[in-house]
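Chemist: work-v3.cif (mmCIF, C-alpha atoms and all ligand atoms) pasted underneath:
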data_final
#
loop_
_atom_site.label_atom_id
_atom_site.label_comp_id
_atom_site.auth_asym_id
_atom_site.auth_seq_id
_atom_site.Cartn_x
_atom_site.Cartn_y
_atom_site.Cartn_z
CA MET T 187 0.00 0.00 0.00
CA ASN T 188 1.68 3.25 -1.07
CA THR T 189 1.78 6.36 1.14
CA ASP T 190 -0.52 8.48 -1.06
CA TYR T 191 -3.17 5.78 -0.98
CA LYS T 192 -2.92 5.30 2.77
CA GLN T 193 -3.04 9.02 3.44
CA MET T 194 -6.05 9.67 1.18
CA ALA T 195 -7.96 6.61 2.40
CA GLY T 196 -7.48 7.98 5.94
CA ARG T 197 -9.22 11.19 4.85
CA LEU T 198 -12.29 9.30 3.61
CA MET T 199 -14.95 8.87 6.29
CA VAL T 200 -17.46 6.19 5.37
CA ALA T 201 -20.90 6.91 6.88
CA LEU T 202 -22.24 3.59 8.20
CA ASP T 203 -25.87 4.70 8.00
CA TYR T 204 -27.66 1.38 8.55
CA PRO T 205 -30.60 0.33 10.72
CA ASP T 206 -28.78 -2.57 12.37
CA ALA T 207 -25.35 -3.88 13.29
CA ALA T 208 -25.50 -6.82 10.86
CA GLN T 209 -25.88 -4.62 7.77
CA ALA T 210 -23.18 -2.22 8.96
CA ALA T 211 -20.84 -5.14 9.70
CA GLU T 212 -21.45 -6.47 6.21
CA LEU T 213 -20.25 -3.20 4.67
CA VAL T 214 -17.25 -3.08 7.02
CA GLN T 215 -16.35 -6.56 5.84
CA LYS T 216 -16.66 -5.54 2.18
CA LEU T 217 -14.29 -2.63 2.81
CA GLU T 218 -11.78 -4.73 4.78
CA GLY T 219 -8.21 -3.62 4.18
CA ILE T 220 -9.11 -0.07 3.10
CA PRO T 221 -7.67 2.14 5.87
CA CYS T 222 -10.60 4.59 5.88
CA TYR T 223 -12.20 6.38 8.84
CA MET T 224 -15.56 4.90 9.92
CA LYS T 225 -18.41 7.24 10.82
CA VAL T 226 -21.17 5.99 13.11
CA GLY T 227 -24.23 8.23 13.16
CA MET T 228 -27.52 8.21 15.03
CA GLU T 229 -29.26 5.58 12.91
CA LEU T 230 -26.67 2.91 13.75
CA PHE T 231 -25.68 4.10 17.23
CA TYR T 232 -29.26 4.26 18.51
CA THR T 233 -29.65 0.56 17.72
CA ALA T 234 -26.19 -0.98 17.86
CA GLY T 235 -24.70 1.31 20.50
CA PRO T 236 -21.27 1.34 22.12
CA ASP T 237 -20.65 -2.35 21.32
CA PHE T 238 -20.53 -1.64 17.61
CA VAL T 239 -18.13 1.26 18.14
CA ARG T 240 -15.89 -1.01 20.24
CA SER T 241 -15.94 -3.64 17.47
CA LEU T 242 -14.66 -1.03 14.98
CA LYS T 243 -11.93 0.03 17.38
CA GLU T 244 -10.92 -3.62 17.84
CA LYS T 245 -10.53 -3.88 14.06
CA GLY T 246 -8.17 -0.91 14.18
CA TYR T 247 -10.40 1.76 12.60
CA SER T 248 -10.46 5.41 13.53
CA VAL T 249 -14.06 6.19 14.51
CA PHE T 250 -16.02 9.42 14.16
CA LEU T 251 -19.14 9.26 16.33
CA ASP T 252 -21.54 11.68 14.65
CA LEU T 253 -24.23 12.26 17.27
CA LYS T 254 -24.37 16.07 16.93
CA MET T 255 -25.02 16.84 20.57
CA HIS T 256 -27.09 19.96 21.26
CA ASP T 257 -28.32 20.37 24.84
CA ILE T 258 -27.63 22.35 27.99
CA PRO T 259 -23.91 22.58 28.86
CA ASN T 260 -24.12 20.22 31.83
CA THR T 261 -25.75 17.47 29.75
CA VAL T 262 -23.29 17.91 26.90
CA ARG T 263 -20.38 17.76 29.35
CA GLY T 264 -21.69 14.38 30.55
CA GLY T 265 -22.30 13.16 27.01
CA ALA T 266 -18.79 14.13 25.96
CA HIS T 267 -17.38 12.36 29.02
CA SER T 268 -19.19 9.13 28.08
CA LEU T 269 -18.22 9.28 24.38
CA THR T 270 -14.59 9.94 25.25
CA ARG T 271 -14.50 6.95 27.60
CA LEU T 272 -15.80 4.86 24.72
CA GLY T 273 -12.52 5.62 22.94
CA VAL T 274 -13.84 7.38 19.83
CA ASP T 275 -11.34 9.39 17.81
CA MET T 276 -13.76 12.18 16.92
CA PHE T 277 -17.21 13.38 18.00
CA ASN T 278 -19.31 16.47 17.40
CA VAL T 279 -21.73 19.00 18.85
CA HIS T 280 -23.87 21.69 17.21
CA ALA T 281 -22.20 25.12 17.17
CA ALA T 282 -25.73 26.55 17.56
CA GLY T 283 -25.58 25.37 21.19
CA GLY T 284 -23.26 28.31 21.88
CA LEU T 285 -19.88 28.95 23.45
CA ASP T 286 -20.59 27.57 26.94
CA MET T 287 -22.03 24.36 25.50
CA MET T 288 -19.01 23.81 23.23
CA ARG T 289 -16.62 24.55 26.14
CA ALA T 290 -18.55 22.05 28.25
CA ALA T 291 -18.03 19.37 25.57
CA LYS T 292 -14.31 19.95 25.69
CA ALA T 293 -14.28 19.96 29.51
CA GLY T 294 -16.16 16.65 29.59
CA ALA T 295 -13.68 15.02 27.23
CA GLU T 296 -10.71 16.43 29.16
CA ALA T 297 -12.11 15.11 32.42
CA ALA T 298 -12.51 11.61 30.95
CA VAL T 299 -8.93 11.67 29.61
CA ALA T 300 -7.59 12.86 32.99
CA GLU T 301 -9.40 10.04 34.81
CA THR T 302 -8.54 7.22 32.43
CA PRO T 303 -4.95 6.12 31.84
CA GLY T 304 -4.14 5.51 28.17
CA LEU T 305 -7.10 7.46 26.81
CA VAL T 306 -6.28 9.98 24.08
CA MET T 307 -8.12 13.29 23.72
CA PRO T 308 -10.61 12.95 20.84
CA VAL T 309 -10.95 15.54 18.08
CA ILE T 310 -14.08 17.56 18.90
CA ILE T 311 -15.79 19.35 16.06
CA ALA T 312 -18.84 21.57 15.69
CA VAL T 313 -21.61 21.25 13.13
CA THR T 314 -22.12 24.64 11.44
CA GLN T 315 -24.98 24.62 8.92
CA LEU T 316 -26.02 21.11 7.82
CA THR T 317 -25.09 20.33 4.22
CA SER T 318 -28.79 19.69 3.56
CA THR T 319 -29.55 23.32 4.46
CA SER T 320 -29.90 25.75 1.56
CA GLN T 321 -29.77 29.53 1.83
CA VAL T 322 -33.60 29.74 1.53
CA VAL T 323 -34.15 27.18 4.32
CA MET T 324 -31.60 28.91 6.56
CA ASN T 325 -33.14 32.38 6.02
CA GLU T 326 -36.82 31.52 5.92
CA GLU T 327 -37.21 28.45 8.15
CA ILE T 328 -34.33 28.48 10.61
CA GLY T 329 -34.42 32.26 10.88
CA VAL T 330 -30.70 32.87 10.41
CA GLY T 331 -29.99 35.82 8.11
CA GLY T 332 -27.18 36.45 5.66
CA THR T 333 -25.48 33.92 3.42
CA VAL T 334 -24.76 30.30 4.38
CA GLU T 335 -21.04 31.03 4.15
CA GLU T 336 -21.30 33.95 6.59
CA SER T 337 -23.17 31.80 9.09
CA VAL T 338 -20.73 28.89 8.68
CA VAL T 339 -17.71 31.14 9.22
CA ARG T 340 -19.28 32.77 12.26
CA TYR T 341 -20.00 29.35 13.81
CA ALA T 342 -16.50 28.16 12.92
CA SER T 343 -14.94 31.17 14.67
CA LEU T 344 -17.11 30.49 17.72
CA ALA T 345 -16.05 26.82 17.75
CA LYS T 346 -12.41 27.88 17.59
CA LYS T 347 -12.94 30.33 20.45
CA ALA T 348 -14.41 27.46 22.49
CA GLY T 349 -11.21 25.49 21.92
CA LEU T 350 -12.70 22.91 19.56
CA HIS T 351 -10.58 21.42 16.79
CA GLY T 352 -12.68 21.98 13.69
CA VAL T 353 -16.09 22.02 12.06
CA VAL T 354 -18.45 20.08 9.84
CA ALA T 355 -19.42 22.14 6.78
CA SER T 356 -19.71 21.84 3.03
CA SER T 357 -16.45 21.80 1.08
CA LEU T 358 -17.83 24.94 -0.63
CA GLU T 359 -17.03 26.81 2.59
CA VAL T 360 -13.61 25.35 3.41
CA GLU T 361 -11.60 28.22 1.96
CA ALA T 362 -13.51 30.81 3.97
CA ILE T 363 -13.24 28.72 7.16
CA SER T 364 -9.48 28.29 6.72
CA ALA T 365 -9.07 32.02 6.05
CA ALA T 366 -10.90 32.85 9.29
CA CYS T 367 -9.66 30.06 11.58
CA GLY T 368 -6.34 28.93 10.08
CA ARG T 369 -5.39 25.92 8.02
CA ASP T 370 -4.88 23.69 11.09
CA PHE T 371 -8.54 24.07 12.04
CA LYS T 372 -10.08 20.85 10.72
CA THR T 373 -12.82 20.79 8.09
CA ILE T 374 -14.99 17.68 7.85
CA THR T 375 -17.16 17.84 4.75
CA PRO T 376 -20.25 15.76 3.94
CA GLY T 377 -22.29 16.52 0.81
CA ILE T 378 -19.82 14.64 -1.38
CA ARG T 379 -21.20 13.30 -4.64
CA PRO T 380 -19.08 11.67 -7.36
CA GLU T 381 -19.98 12.78 -10.90
CA GLY T 382 -23.33 11.29 -11.94
CA SER T 383 -24.48 10.14 -8.48
CA VAL T 384 -27.80 11.05 -6.88
CA THR T 385 -27.82 14.21 -4.70
CA GLY T 386 -30.70 13.02 -2.44
CA ASP T 387 -31.41 15.40 0.45
CA GLN T 388 -28.01 17.13 0.27
CA ALA T 389 -28.09 20.75 -0.93
CA ARG T 390 -24.45 21.92 -0.90
CA VAL T 391 -22.50 19.25 -2.80
CA LEU T 392 -19.14 18.81 -4.54
CA THR T 393 -17.29 15.85 -6.06
CA PRO T 394 -14.49 14.12 -4.09
CA GLY T 395 -11.86 15.71 -6.34
CA GLN T 396 -13.32 19.20 -5.94
CA ALA T 397 -13.48 18.78 -2.15
CA ILE T 398 -9.78 17.85 -2.01
CA VAL T 399 -8.80 20.77 -4.26
CA ARG T 400 -10.75 23.12 -1.98
CA GLY T 401 -8.78 21.84 1.00
CA SER T 402 -11.24 19.64 2.97
CA HIS T 403 -9.34 17.68 5.62
CA TYR T 404 -11.88 14.80 5.68
CA LEU T 405 -14.58 13.78 3.19
CA VAL T 406 -17.73 12.16 4.60
CA VAL T 407 -19.35 9.80 2.12
CA GLY T 408 -22.45 7.74 2.79
CA ARG T 409 -24.92 6.71 0.09
CA PRO T 410 -22.53 6.93 -2.88
CA ILE T 411 -20.75 3.97 -1.18
CA THR T 412 -23.47 2.26 0.88
CA THR T 413 -26.01 2.05 -1.95
CA ALA T 414 -23.49 1.28 -4.73
CA PRO T 415 -23.82 -2.14 -6.40
CA ASP T 416 -20.16 -2.70 -5.47
CA PRO T 417 -19.36 -0.57 -2.39
CA ARG T 418 -15.69 -1.57 -2.35
CA LEU T 419 -15.23 -0.45 -5.96
CA ALA T 420 -17.10 2.80 -5.22
CA ALA T 421 -14.80 3.52 -2.25
CA GLU T 422 -11.66 2.68 -4.28
CA GLN T 423 -12.81 4.98 -7.11
CA ILE T 424 -13.40 7.82 -4.66
CA ILE T 425 -9.92 7.35 -3.15
CA GLU T 426 -8.40 7.27 -6.66
CA GLU T 427 -10.21 10.52 -7.51
CA MET T 428 -8.91 12.07 -4.26
CA ILE T 429 -5.34 11.04 -5.10
CA GLY T 430 -5.72 12.34 -8.68
CA ALA T 431 -6.89 15.75 -7.43
O1 LIG T 501 -25.30 9.61 2.28
P1 LIG T 501 -24.54 10.89 2.40
O2 LIG T 501 -23.20 10.88 1.67
O3 LIG T 501 -25.36 12.12 2.09
O4 LIG T 501 -24.18 10.93 3.95
C1 LIG T 501 -23.66 12.06 4.60
C2 LIG T 501 -23.44 11.74 6.04
O5 LIG T 501 -22.90 12.90 6.68
C3 LIG T 501 -24.68 11.36 6.81
O6 LIG T 501 -24.30 10.38 7.75
C4 LIG T 501 -25.08 12.63 7.52
O7 LIG T 501 -25.71 12.38 8.74
C5 LIG T 501 -23.74 13.29 7.76
N1 LIG T 501 -23.74 14.75 7.89
C6 LIG T 501 -24.21 15.58 6.90
N2 LIG T 501 -24.18 16.95 7.08
C7 LIG T 501 -23.68 17.47 8.20
C8 LIG T 501 -23.19 16.63 9.21
C9 LIG T 501 -23.22 15.25 9.01
O8 LIG T 501 -24.62 15.12 5.84
N3 LIG T 501 -23.60 18.76 8.36
#
Could you express the structure from this file as structure tokens?
Modeler:
Amino acid sequence: MNTDYKQMAGRLMVALDYPDAAQAAELVQKLEGIPCYMKVGMELFYTAGPDFVRSLKEKGYSVFLDLKMHDIPNTVRGGAHSLTRLGVDMFNVHAAGGLDMMRAAKAGAEAAVAETPGLVMPVIIAVTQLTSTSQVVMNEEIGVGGTVEESVVRYASLAKKAGLHGVVASSLEVEAISAACGRDFKTITPGIRPEGSVTGDQARVLTPGQAIVRGSHYLVVGRPITTAPDPRLAAEQIIEEMIGA
């Protein structure tokens, strides 16, 4: 396995959006040997829980637990403490929860690390505007004014102020985030669609190659892999496109 391949595969986060552990495990088996990040979201976690996350860690995967916490600071502190003890490499909260809530997430994770020998501090990121949110939805339904990019950059700056390590956004906004928060501030970008694939409910989309060119640190890909006739081939083609970019 050459270095380029290994590095790019490590920047691909496969969204294991399945209703049960058996189906998710089947995909993991199909992708065996590809050193990608695995993303566990609410659909899988709410049914398969911590045991499934532990099984991924036992197989050597880096795990992003995408539960998008958004609650009062005390509750988020406790949630972050529990997720950190589970040994995940990355988890997230909603930036819309505010500065105190994001600081509480970090404090919860730090407390868990301090209490538990051998535990490493996870990367904590904030969701800015969901990639399914368009400008019209943001302005007219959510009630946030301005452009999506302005809102994303404002949330990213707030997340940085809270001491978090990065944000979830569309790769369309990566340049503006990096300009405001620095290149080390991580950008995790869903809304990735290879040429010719179905957009579905995503509104702000780019291809894997475009996302890499724009500087996304990690690309989150779900349905273009999970619903492909040959998921392994789909993942390999995405990694090849990332390398080529
Ligand atoms: O299937 P698809 O490639 O659209 O999957 C995208 C994944 O990224 C889903 O698991 C979704 O929950 C997640 N996500 C997102 N937008 C965000 C944060 C997470 O699409 N802002």
Chemist: For each of T:Ala234, T:Val399, T:Leu253, T:Val214, take the minimum atom-to-atom distance to ligand LIG 501 (chain T), counting all atoms listed in the file, then give the residue where this is smallest.
Modeler: T:Leu253
Chemist: Which value, in Å to one decimal, gives the distance between CA of Leu213 in chain T and CA of Ile429 in chain T?
Modeler: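 Computed distance, CA of Leu213 in chain T to CA of Ile429 in chain T, equals 22.8 Å.
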Chemist: For ligand LIG 501 (chain T), collect every residue having any atom at a distance of at most 10 Å from a ligand atom (counting only C-alpha atoms and all ligand atoms); output as a PDB file with C-alpha atoms, in the frame of the given file.
Modeler:
ATOM      1  CA  MET T 199     -14.950   8.870   6.290  1.00  0.00           C
ATOM      2  CA  VAL T 200     -17.460   6.190   5.370  1.00  0.00           C
ATOM      3  CA  ALA T 201     -20.900   6.910   6.880  1.00  0.00           C
ATOM      4  CA  LEU T 202     -22.240   3.590   8.200  1.00  0.00           C
ATOM      5  CA  ASP T 203     -25.870   4.700   8.000  1.00  0.00           C
ATOM      6  CA  TYR T 204     -27.660   1.380   8.550  1.00  0.00           C
ATOM      7  CA  LYS T 225     -18.410   7.240  10.820  1.00  0.00           C
ATOM      8  CA  VAL T 226     -21.170   5.990  13.110  1.00  0.00           C
ATOM      9  CA  GLY T 227     -24.230   8.230  13.160  1.00  0.00           C
ATOM     10  CA  MET T 228     -27.520   8.210  15.030  1.00  0.00           C
ATOM     11  CA  GLU T 229     -29.260   5.580  12.910  1.00  0.00           C
ATOM     12  CA  LEU T 230     -26.670   2.910  13.750  1.00  0.00           C
ATOM     13  CA  ASP T 252     -21.540  11.680  14.650  1.00  0.00           C
ATOM     14  CA  LEU T 253     -24.230  12.260  17.270  1.00  0.00           C
ATOM     15  CA  LYS T 254     -24.370  16.070  16.930  1.00  0.00           C
ATOM     16  CA  ASN T 278     -19.310  16.470  17.400  1.00  0.00           C
ATOM     17  CA  HIS T 280     -23.870  21.690  17.210  1.00  0.00           C
ATOM     18  CA  ALA T 312     -18.840  21.570  15.690  1.00  0.00           C
ATOM     19  CA  VAL T 313     -21.610  21.250  13.130  1.00  0.00           C
ATOM     20  CA  THR T 314     -22.120  24.640  11.440  1.00  0.00           C
ATOM     21  CA  GLN T 315     -24.980  24.620   8.920  1.00  0.00           C
ATOM     22  CA  LEU T 316     -26.020  21.110   7.820  1.00  0.00           C
ATOM     23  CA  THR T 317     -25.090  20.330   4.220  1.00  0.00           C
ATOM     24  CA  SER T 318     -28.790  19.690   3.560  1.00  0.00           C
ATOM     25  CA  THR T 319     -29.550  23.320   4.460  1.00  0.00           C
ATOM     26  CA  VAL T 353     -16.090  22.020  12.060  1.00  0.00           C
ATOM     27  CA  VAL T 354     -18.450  20.080   9.840  1.00  0.00           C
ATOM     28  CA  ALA T 355     -19.420  22.140   6.780  1.00  0.00           C
ATOM     29  CA  SER T 356     -19.710  21.840   3.030  1.00  0.00           C
ATOM     30  CA  ILE T 374     -14.990  17.680   7.850  1.00  0.00           C
ATOM     31  CA  THR T 375     -17.160  17.840   4.750  1.00  0.00           C
ATOM     32  CA  PRO T 376     -20.250  15.760   3.940  1.00  0.00           C
ATOM     33  CA  GLY T 377     -22.290  16.520   0.810  1.00  0.00           C
ATOM     34  CA  ILE T 378     -19.820  14.640  -1.380  1.00  0.00           C
ATOM     35  CA  ARG T 379     -21.200  13.300  -4.640  1.00  0.00           C
ATOM     36  CA  PRO T 380     -19.080  11.670  -7.360  1.00  0.00           C
ATOM     37  CA  VAL T 384     -27.800  11.050  -6.880  1.00  0.00           C
ATOM     38  CA  THR T 385     -27.820  14.210  -4.700  1.00  0.00           C
ATOM     39  CA  GLY T 386     -30.700  13.020  -2.440  1.00  0.00           C
ATOM     40  CA  ASP T 387     -31.410  15.400   0.450  1.00  0.00           C
ATOM     41  CA  GLN T 388     -28.010  17.130   0.270  1.00  0.00           C
ATOM     42  CA  ALA T 389     -28.090  20.750  -0.930  1.00  0.00           C
ATOM     43  CA  ARG T 390     -24.450  21.920  -0.900  1.00  0.00           C
ATOM     44  CA  VAL T 391     -22.500  19.250  -2.800  1.00  0.00           C
ATOM     45  CA  LEU T 405     -14.580  13.780   3.190  1.00  0.00           C
ATOM     46  CA  VAL T 406     -17.730  12.160   4.600  1.00  0.00           C
ATOM     47  CA  VAL T 407     -19.350   9.800   2.120  1.00  0.00           C
ATOM     48  CA  GLY T 408     -22.450   7.740   2.790  1.00  0.00           C
ATOM     49  CA  ARG T 409     -24.920   6.710   0.090  1.00  0.00           C
ATOM     50  CA  PRO T 410     -22.530   6.930  -2.880  1.00  0.00           C
ATOM     51  CA  ILE T 411     -20.750   3.970  -1.180  1.00  0.00           C
ATOM     52  CA  THR T 412     -23.470   2.260   0.880  1.00  0.00           C
ATOM     53  CA  THR T 413     -26.010   2.050  -1.950  1.00  0.00           C
TER      54      THR T 413
END
Chemist: Might you pull out every residue within 8 Å of Ala290 in chain T, with all atoms listed in the file counted and same-chain residues fewer than 5 positions away left off, and present them as a ChimeraX atom specification?
Modeler: /T:259-260,262-263
Chemist: Calculate how many Å separate CA of Val339 in chain T from CA of Ala397 in chain T, rounding to one decimal.
Modeler: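 So the two atoms, CA of Val339 in chain T and CA of Ala397 in chain T, lie 17.3 Å apart.
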Chemist: Hey, which of T:Thr302, T:Ser268, T:Gln396, T:Thr333 ends up closest to Val360 in chain T? Count all atoms listed in the file.
Modeler: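 Checking each candidate against Val360 in chain T, we get T:Gln396 as the closest.
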Chemist: Can you tell me how far CA of Lys347 in chain T sits from CA of Ile311 in chain T, in Å to one decimal?
Modeler: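 Straight-line distance from CA of Lys347 in chain T to CA of Ile311 in chain T works out to 12.2 Å.
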Chemist: Hey, which of T:Pro221, T:Phe238, T:Gly368, T:Pro303 ends up closest to Ala208 in chain T? Count all atoms listed in the file.
Modeler: T:Phe238
Chemist: Within 8 Å of Arg289 in chain T, counting all atoms listed in the file, which residues qualify if same-chain residues fewer than 6 places away don't, as a short mmCIF file (atom, residue, chain, number, x, y, z; two decimals) with C-alpha atoms, in the coordinates of the input?
Modeler:
data_model
loop_
_atom_site.label_atom_id
_atom_site.label_comp_id
_atom_site.auth_asym_id
_atom_site.auth_seq_id
_atom_site.Cartn_x
_atom_site.Cartn_y
_atom_site.Cartn_z
CA ALA T 348 -14.41 27.46 22.49
CA GLY T 349 -11.21 25.49 21.92
CA LEU T 350 -12.70 22.91 19.56
#
Chemist: Leaving out Arg197 in chain T and any residue of its chain fewer than 6 positions from it, which residues lie within 8 Å of it when counting all atoms listed in the file, given as a PyMOL selection string?
Modeler: chain T and resi 222-223+403-405
Chemist: Find, counting only C-alpha atoms, the residue in T:Ser320, T:Arg340, T:Asp190, T:Thr270 that gets nearest to Val299 in chain T.
Modeler: T:Thr270
Chemist: Of the residues T:Ala366, T:Thr233, T:Glu381, T:Gly331, which is the one nearest to Asp206 in chain T, using all atoms listed in the file?
Modeler: T:Thr233
Chemist: Measuring between only C-alpha atoms, which one of T:Ile424, T:Ala195, T:Leu269, T:Glu244 shows the shortest distance to Glu296 in chain T?
Modeler: T:Leu269
Chemist: Please, could all heavy atoms be added to range 343-352 of chain T and the result written as a PDB file, in the coordinates of the input?
Modeler:
ATOM      1  N   SER T 343     -15.735  30.304  13.784  1.00  0.00           N
ATOM      2  CA  SER T 343     -14.940  31.170  14.670  1.00  0.00           C
ATOM      3  C   SER T 343     -15.328  30.951  16.130  1.00  0.00           C
ATOM      4  O   SER T 343     -14.472  30.943  17.019  1.00  0.00           O
ATOM      5  CB  SER T 343     -15.136  32.643  14.293  1.00  0.00           C
ATOM      6  OG  SER T 343     -14.783  32.828  12.943  1.00  0.00           O
ATOM      7  N   LEU T 344     -16.621  30.740  16.357  1.00  0.00           N
ATOM      8  CA  LEU T 344     -17.110  30.490  17.720  1.00  0.00           C
ATOM      9  C   LEU T 344     -16.571  29.148  18.246  1.00  0.00           C
ATOM     10  O   LEU T 344     -16.161  29.036  19.403  1.00  0.00           O
ATOM     11  CB  LEU T 344     -18.641  30.473  17.700  1.00  0.00           C
ATOM     12  CG  LEU T 344     -19.371  30.691  19.010  1.00  0.00           C
ATOM     13  CD1 LEU T 344     -19.137  32.096  19.554  1.00  0.00           C
ATOM     14  CD2 LEU T 344     -20.886  30.472  18.819  1.00  0.00           C
ATOM     15  N   ALA T 345     -16.564  28.152  17.369  1.00  0.00           N
ATOM     16  CA  ALA T 345     -16.050  26.820  17.750  1.00  0.00           C
ATOM     17  C   ALA T 345     -14.564  26.910  18.094  1.00  0.00           C
ATOM     18  O   ALA T 345     -14.085  26.299  19.052  1.00  0.00           O
ATOM     19  CB  ALA T 345     -16.281  25.831  16.613  1.00  0.00           C
ATOM     20  N   LYS T 346     -13.847  27.713  17.320  1.00  0.00           N
ATOM     21  CA  LYS T 346     -12.410  27.880  17.590  1.00  0.00           C
ATOM     22  C   LYS T 346     -12.215  28.584  18.930  1.00  0.00           C
ATOM     23  O   LYS T 346     -11.366  28.187  19.732  1.00  0.00           O
ATOM     24  CB  LYS T 346     -11.759  28.669  16.452  1.00  0.00           C
ATOM     25  CG  LYS T 346     -10.262  28.675  16.616  1.00  0.00           C
ATOM     26  CD  LYS T 346      -9.501  29.222  15.476  1.00  0.00           C
ATOM     27  CE  LYS T 346      -8.016  29.097  15.842  1.00  0.00           C
ATOM     28  NZ  LYS T 346      -7.178  29.825  14.947  1.00  0.00           N
ATOM     29  N   LYS T 347     -13.015  29.595  19.182  1.00  0.00           N
ATOM     30  CA  LYS T 347     -12.940  30.330  20.450  1.00  0.00           C
ATOM     31  C   LYS T 347     -13.204  29.401  21.643  1.00  0.00           C
ATOM     32  O   LYS T 347     -12.627  29.549  22.715  1.00  0.00           O
ATOM     33  CB  LYS T 347     -13.967  31.474  20.422  1.00  0.00           C
ATOM     34  CG  LYS T 347     -13.793  32.503  21.497  1.00  0.00           C
ATOM     35  CD  LYS T 347     -14.719  33.681  21.241  1.00  0.00           C
ATOM     36  CE  LYS T 347     -14.728  34.613  22.439  1.00  0.00           C
ATOM     37  NZ  LYS T 347     -15.758  35.651  22.296  1.00  0.00           N
ATOM     38  N   ALA T 348     -14.088  28.418  21.423  1.00  0.00           N
ATOM     39  CA  ALA T 348     -14.410  27.460  22.490  1.00  0.00           C
ATOM     40  C   ALA T 348     -13.304  26.418  22.677  1.00  0.00           C
ATOM     41  O   ALA T 348     -13.382  25.593  23.579  1.00  0.00           O
ATOM     42  CB  ALA T 348     -15.735  26.757  22.164  1.00  0.00           C
ATOM     43  N   GLY T 349     -12.320  26.448  21.797  1.00  0.00           N
ATOM     44  CA  GLY T 349     -11.210  25.490  21.920  1.00  0.00           C
ATOM     45  C   GLY T 349     -11.449  24.185  21.183  1.00  0.00           C
ATOM     46  O   GLY T 349     -10.714  23.217  21.383  1.00  0.00           O
ATOM     47  N   LEU T 350     -12.470  24.140  20.327  1.00  0.00           N
ATOM     48  CA  LEU T 350     -12.700  22.910  19.560  1.00  0.00           C
ATOM     49  C   LEU T 350     -11.701  22.845  18.406  1.00  0.00           C
ATOM     50  O   LEU T 350     -11.007  23.810  18.101  1.00  0.00           O
ATOM     51  CB  LEU T 350     -14.144  22.823  19.057  1.00  0.00           C
ATOM     52  CG  LEU T 350     -15.250  22.884  20.126  1.00  0.00           C
ATOM     53  CD1 LEU T 350     -16.570  22.370  19.550  1.00  0.00           C
ATOM     54  CD2 LEU T 350     -14.898  22.093  21.378  1.00  0.00           C
ATOM     55  N   HIS T 351     -11.655  21.654  17.764  1.00  0.00           N
ATOM     56  CA  HIS T 351     -10.580  21.420  16.790  1.00  0.00           C
ATOM     57  C   HIS T 351     -10.985  21.621  15.342  1.00  0.00           C
ATOM     58  O   HIS T 351     -10.148  21.516  14.456  1.00  0.00           O
ATOM     59  CB  HIS T 351     -10.054  19.990  16.964  1.00  0.00           C
ATOM     60  CG  HIS T 351      -9.718  19.660  18.381  1.00  0.00           C
ATOM     61  ND1 HIS T 351     -10.478  18.801  19.148  1.00  0.00           N
ATOM     62  CD2 HIS T 351      -8.726  20.104  19.171  1.00  0.00           C
ATOM     63  CE1 HIS T 351      -9.943  18.724  20.368  1.00  0.00           C
ATOM     64  NE2 HIS T 351      -8.887  19.495  20.403  1.00  0.00           N
ATOM     65  N   GLY T 352     -12.265  21.822  15.078  1.00  0.00           N
ATOM     66  CA  GLY T 352     -12.680  21.980  13.690  1.00  0.00           C
ATOM     67  C   GLY T 352     -14.181  22.002  13.561  1.00  0.00           C
ATOM     68  O   GLY T 352     -14.908  22.067  14.558  1.00  0.00           O
TER      69      GLY T 352
END
